[in-house]
Amino acid sequence: MSVASHPVEAVALTGRALAPARGARIASACGLVGLVGVVLTVWLGLWVTPPDAYMGNLVRLLYIHPSMAWDAFLAYGVSFLASAAYLWPRTRDLRLDRVAGASAEAGVVFTGITLVTGSLWGRPTWGVWWTWDPLLTTTALLFVLYLGYLALRRLPGEPEVRARRSAIAALVAFIDVPIVYFSVSWWRSLHQGPTIQPGRSEVHGSMAWTLLLSFVAFSLVYVWMLAERYRLAGLQARDEVEGLADALAERRAEAGMSRAGEAS
Amino acid sequence: MGALAVATGGIGYVQGGYVVALLTLALYALSLVARRRRLSRRLPSAGRTAPLSGPRDGA
Amino acid sequence: MWRDALLVAGKDLRVEWRSRVGLNQVVPFALAVLLLFGLALGPDAARLRAATSGLFWVTVLLAALLGVQRSFALESADRAGDGLRLSGLDAGGIFVGKAAALGFQLLVLEAVLALVAALLYGTPLEGVGVLAASCVLATAGLAAVGTFYGALAAGTRVRETLLPLLFFPVVAPVLLAATKAWSAALGRSGGGGVGWLALLAVFAAAYVAIGTVAFGPLLEDS
Amino acid sequence: MPPAVVFIEAVVLAGRFPLLSGLSLEVATGEVVHLRGANGAGKTSLLRACAGLLPIASGRAEVLGHDLLVDRVSLRRAVGLLGHAGFHYEELSVRDNLRFALRASRAPLERAGPALERLGLTGRLLDTPVGACSAGQRRRLALAVLVARAPRLWLLDEPHAGLDAEARATVDALVAEARVGGATVLLASHELERAAAIADRSVEIAGGRVVPAATDSAEVGCDVA
């Protein structure tokens with residue numbers, strides 16, 4: 001039986017064992033470097049890099065939109081892997097469930113931003129707030145899908161039950177991604193419409209560096225968010241366990257009281 | 001918004017995009033830290049685990 | 001496993017036969033939705049004819065949702081769900097049985113709906129082969145995902161609102177593919193109907209497989 | 001013969017509320033044990049846990065040789081739970097419900113007839129949907145399913161409740177026959193005299209645990225060996 005043979009003992013144990021100073025330090029380091037990276041990206045993106053010959057200033061959104069979309073898919077990928085690992089009996093561990101939940105939550109935040117920046121890109125370019133671009137449509141569907149996933153996670157219940165239910169839902173949600181993307185892009189190819197091709201305008205010199213920087217910076221921000229949300233989930237789990245000890249004591253006291261009732 | 005874009009060649013949209021992105025990330029990050037602080041204050045010292053069976057209370 | 005599936009499907013269909021909820025409530029509901037779409041998109045025939053496949057499949061999706069809710073309402077009355085668990089039936093069998101029963105009822109509904117839609121929207125039904133094939137494949141996918149999420153949501157108190165939220169995003173590709181397959185068959189848009197059928201088949205196969213494997217733990221928790 | 005039921009410090013949780021808070025109990029095969037205790041003491045939870053319906057959070061729990069921490073599913077065909085709910089389908093008739101229950105648990109169908117007779121479920125009643133039956137009749141149907149399935153472990157949650165005198169006598173007779181047939185019976189009931197008459201021993205449950213009944217000696221005929 002693995003150390004997490006049953007939920008309550010494991011939660012109490014791992015809540016404490018897993019937040020060693022080292023993990024926290026790495027996370028805050030990522031956060032800091034990420035923050036610096038973001039500031040740099042914004043500074044470079046908005047002021048330093050030249051406007052694009054073809055798109056003018058709109059190209060500056062290039063330093064936000066694609067990296068947000070990348071982080072969203074990265075977050076969902078991590079959530080999928082953690083869920084799959086949780087479902088695999090040998091590697092079943094409540095910490096994996098917390099990673100899956102934390103990553104999915106970050107994913108939803110990134111997806112929201114991707115959608116907003118995507119439509120802000122579309123408005124001046126094609127005059128419409130929303131285009132049925134395969135990537136954008138898939139992202140929108142993912143947004144709704146994972147909102148459902150998060151709603152499912154918030155339902156009360158046993159940690160083990162909730163973890164298993166969420167892991168299965170995450171599995172199903174993630175398998176839907178390729179199917180959606182494939183069907184939407186096929187659907188779009190039937191009647192050609194505006195699609196986002198980041199690579200269309202040739203990217204050179206400082207633009208390319210800023211783009212790379214934005215990917216790295218926002219990915220680090222994602223890592224920090226994941227770690228932060230994970231530690232919060234650990235505390236929440238411990239909060240549940242904390243309450244449990246008192247509930248057990250109260251329940252046992254009932255035995256005493258009923259004895260008193262009987263005796264009197 | 002539309003008029004703004006035409007006048008400044010879309011810079012309005014770009015700034016809007018940056019503001020939305022950074023603001024959302026900042027708000028989310030702050031909420032995480034705040035919730036963690038509030039919870040860790042409420043939970044007693046990290047050391048205390050909750051052994052399940054609990055001490056035999058004279059049952 | 002197949003024996004259990006047959007038993008559960010038989011039970012679900014017999015309950016439906018006795019209570020006729022599907023026939024008396026879900027079919028009229030679907031017809032009402034078709035009418036509402038007709039009102040919404042206005043009387044001009046050209047637009048309605050163009051939108052027939054889309055309207056048909058959105059209506060089927062809504063009816064499928066009602067079917068799933070009905071299918072799991074059976075199990076929550078008198079804690080029949082506990083009975084199923086206690087009987088030691090194979091979980092995969094229960095999944096396939098309930099999905100098959102739901103799928104069968106949906107197919108009957110779709111047949112009726114197709115005729116009514118053709119009537120209401122003035123769309124002659126051509127390429128019936130592709131139409132029928134897409135119905136069968138799409139229904140398999142809808143029934144599998146529906147039964148799967150029905151069990152997932154059954155254990156919660158908020159299942160009425162949770163089920164639609166989980167169900168619709170996942171079946172979006174089914175709606176898309178089925179609509180396109182129908183338009184191809186009805187001669188509306190270019191060919192490629194077969195490609196969409198393949199997509200429907202992949203979707204159905206994937207979610208029947210997942211359902212059969214993952215239904216056990218889901219049943220335990222609900 | 002290994003004991004039919006072994007619980008050692010078993011804890012069962014519903015969310016954060018401990019239904020069982022470290023319950024220890026051992027029941028030998030063929031024994032009839034009466035579970036006493038106030039409402040909400042944990043009697044029903046113990047029965048449902050024995051049927052493998054509730055996950056065991058900690059401690060040890062073995063029923064009919066199955067370790068419930070490892071596998072709570074494969075034992076269910078050998079266990080019969082008579083709860084407050086009958087697990088029936090309202091729209092199906094008495095006969096169809098019984099037939100489905102037997103087929104689902106792979107019990108031989110020919111036992112259906114005698115079981116229905118034994119519980120007085122005959123004639124027109126057989127074809128009326130369960131939804132139209134009275135609570136007593138539904139409970140008789142649940143008992144008929146149990147009789148027909150003849151499981152090795154009977155888990156009866158207040159079997160006498162809602163039954164008329166004749167059906168109560170039948171329940172007592174069924175329990176006696178089950179014991180003769182080598183089955184083990186766990187019986188939760190508030191009717192102390194009737195339960196004491198048919199049980200080998202009585203155990204008190206309070207606060208989700210088995211508590212040594214301090215007043216054992218005072219209770220007449222409780223520990224009849």
# chains A, B, ... in the order shown; residues from 1 in each chain; ligands from 1
$ interface_residues --of "chain C" --to "chain D" --cutoff "7 Å" --atoms "only C-alpha atoms" --output "list in words"
Val15, Arg18, Ser19, Leu74, Asp78, Arg79, Ala80, Asp82, Gly83, Leu86, Ser87, Gly88 and Leu89 of chain C
$ write_last_selection --atoms "C-alpha atoms" --output "short mmCIF file (atom, residue, chain, number, x, y, z; two decimals), in the first residue's frame"
data_model
loop_
_atom_site.label_atom_id
_atom_site.label_comp_id
_atom_site.auth_asym_id
_atom_site.auth_seq_id
_atom_site.Cartn_x
_atom_site.Cartn_y
_atom_site.Cartn_z
CA VAL C 15 -39.53 1.53 -17.56
CA ARG C 18 -44.45 1.66 -18.89
CA SER C 19 -44.16 5.36 -18.13
CA LEU C 74 -34.78 6.43 -12.50
CA ASP C 78 -35.99 4.76 -4.06
CA ARG C 79 -32.15 4.72 -4.11
CA ALA C 80 -32.30 2.29 -7.04
CA ASP C 82 -27.65 1.57 -4.57
CA GLY C 83 -29.58 -1.45 -5.80
CA LEU C 86 -25.36 -3.92 -4.68
CA SER C 87 -26.40 -6.34 -7.40
CA GLY C 88 -22.79 -6.79 -8.48
CA LEU C 89 -23.57 -6.02 -12.13
#
$ interface_residues --of "chain A" --to "chain C" --cutoff "10 Å" --atoms "only C-alpha atoms" --output "PyMOL selection string"
chain A and resi 87+140-149+151-152+155-158+160-162+164-166+168-169+171-177+179-184+186-187+190-191
$ interface_residues --of "chain D" --to "chain B" --cutoff "8 Å" --atoms "only C-alpha atoms" --output "count of residues only"
5
$ residues_around --residues "Leu141 in chain D" --least-positions-apart "6" --cutoff "8 Å" --atoms "only C-alpha atoms" --output "list in words"
Gly86, Val94, Leu98, Leu116, Leu119 and Leu121 of chain D
$ write_last_selection --atoms "N, CA, C and O atoms" --output "PDB file, in the first residue's frame"
ATOM      1  N   GLY D  86     -36.204   0.403  -0.929  1.00  0.00           N
ATOM      2  CA  GLY D  86     -36.262  -0.949  -1.470  1.00  0.00           C
ATOM      3  C   GLY D  86     -35.456  -1.137  -2.739  1.00  0.00           C
ATOM      4  O   GLY D  86     -35.371  -2.238  -3.265  1.00  0.00           O
ATOM      5  N   VAL D  94     -44.407  -5.400  -9.461  1.00  0.00           N
ATOM      6  CA  VAL D  94     -43.755  -6.163  -8.391  1.00  0.00           C
ATOM      7  C   VAL D  94     -42.960  -7.311  -9.013  1.00  0.00           C
ATOM      8  O   VAL D  94     -41.776  -7.513  -8.731  1.00  0.00           O
ATOM      9  N   LEU D  98     -38.816  -7.835  -9.055  1.00  0.00           N
ATOM     10  CA  LEU D  98     -38.164  -9.009  -8.453  1.00  0.00           C
ATOM     11  C   LEU D  98     -37.309  -9.713  -9.498  1.00  0.00           C
ATOM     12  O   LEU D  98     -36.144 -10.046  -9.279  1.00  0.00           O
ATOM     13  N   LEU D 116     -42.149 -15.009  -3.347  1.00  0.00           N
ATOM     14  CA  LEU D 116     -43.319 -14.103  -3.369  1.00  0.00           C
ATOM     15  C   LEU D 116     -44.419 -14.683  -2.486  1.00  0.00           C
ATOM     16  O   LEU D 116     -45.036 -13.986  -1.679  1.00  0.00           O
ATOM     17  N   LEU D 119     -43.919 -14.260   1.217  1.00  0.00           N
ATOM     18  CA  LEU D 119     -44.155 -12.904   1.737  1.00  0.00           C
ATOM     19  C   LEU D 119     -45.584 -12.442   1.427  1.00  0.00           C
ATOM     20  O   LEU D 119     -45.906 -11.254   1.536  1.00  0.00           O
ATOM     21  N   LEU D 121     -47.124 -12.035  -1.379  1.00  0.00           N
ATOM     22  CA  LEU D 121     -47.282 -11.133  -2.549  1.00  0.00           C
ATOM     23  C   LEU D 121     -47.846 -11.984  -3.690  1.00  0.00           C
ATOM     24  O   LEU D 121     -47.102 -12.671  -4.404  1.00  0.00           O
TER      25      LEU D 121
END
$ interface_residues --of "chain D" --to "chain A" --cutoff "10 Å" --atoms "only C-alpha atoms" --output "PyMOL selection string"
chain D and resi 11+13-22+37-38+41+55-59+69-70+205-211+213-215
$ select_by_dssp --residues "range 102-217 of chain A" --states "alpha helix (DSSP H)" --output "ChimeraX atom specification"
/A:102-126,134-153,159-190,205-217
$ residues_around --residues "range 125-132 of chain C" --least-positions-apart "6" --cutoff "8 Å" --atoms "only C-alpha atoms" --output "list in words"
Ala118, Ala181, Trp182, Ala185, Leu186, Gly187, Gly193 and Val194 of chain C
$ write_last_selection --atoms "N, CA, C and O atoms" --output "short mmCIF file (atom, residue, chain, number, x, y, z; two decimals), in the first residue's frame"
data_model
loop_
_atom_site.label_atom_id
_atom_site.label_comp_id
_atom_site.auth_asym_id
_atom_site.auth_seq_id
_atom_site.Cartn_x
_atom_site.Cartn_y
_atom_site.Cartn_z
N ALA C 118 -38.45 18.33 -41.86
CA ALA C 118 -38.57 18.42 -43.33
C ALA C 118 -39.87 19.14 -43.67
O ALA C 118 -39.93 20.02 -44.53
N ALA C 181 -22.51 16.93 -41.83
CA ALA C 181 -22.84 15.70 -42.58
C ALA C 181 -24.24 15.85 -43.18
O ALA C 181 -24.49 15.52 -44.34
N TRP C 182 -25.15 16.38 -42.40
CA TRP C 182 -26.51 16.55 -42.90
C TRP C 182 -26.55 17.55 -44.05
O TRP C 182 -27.20 17.34 -45.07
N ALA C 185 -25.43 15.96 -47.06
CA ALA C 185 -26.43 15.02 -47.59
C ALA C 185 -27.58 15.79 -48.24
O ALA C 185 -28.09 15.43 -49.29
N LEU C 186 -27.96 16.90 -47.62
CA LEU C 186 -29.11 17.64 -48.16
C LEU C 186 -28.69 18.52 -49.34
O LEU C 186 -29.45 19.34 -49.81
N GLY C 187 -27.40 18.35 -49.73
CA GLY C 187 -26.95 19.05 -50.91
C GLY C 187 -26.75 20.54 -50.65
O GLY C 187 -26.74 21.35 -51.55
N GLY C 193 -19.12 14.64 -46.85
CA GLY C 193 -20.01 14.08 -45.83
C GLY C 193 -19.35 12.91 -45.15
O GLY C 193 -19.41 12.76 -43.94
N VAL C 194 -18.64 12.09 -45.95
CA VAL C 194 -18.05 10.87 -45.37
C VAL C 194 -17.03 11.24 -44.31
O VAL C 194 -16.96 10.66 -43.23
#
$ residues_around --residues "range 17-33 of chain B" --least-positions-apart "3" --cutoff "6 Å" --atoms "only C-alpha atoms" --output "list in words"
Ile113 and Thr117 of chain A; Val14 and Arg36 of chain B
$ residues_around --residues "range 182-184 of chain D" --least-positions-apart "3" --cutoff "12 Å" --atoms "only C-alpha atoms" --output "MDAnalysis selection string"
chainID D and resid 1:5 26:34 50 63:64 78:80 147 149:156 174:179 187 199:200
$ residues_around --residues "Ala75 in chain A" --least-positions-apart "2" --cutoff "9 Å" --atoms "only C-alpha atoms" --output "VMD selection string"
chain A and resid 70 to 73 77 to 80 100 102 to 108 110 222 226
$ atom_distance --atom1 "CA of Leu119 in chain C" --atom2 "CA of Thr179 in chain C"
18.0 Å
$ closest_residue --among "A:Leu58, A:Leu74, A:Leu94, A:Leu115" --to "chain B" --atoms "only C-alpha atoms"
A:Leu58
$ atom_distance --atom1 "CA of Asp52 in chain A" --atom2 "CA of Thr137 in chain A"
26.1 Å
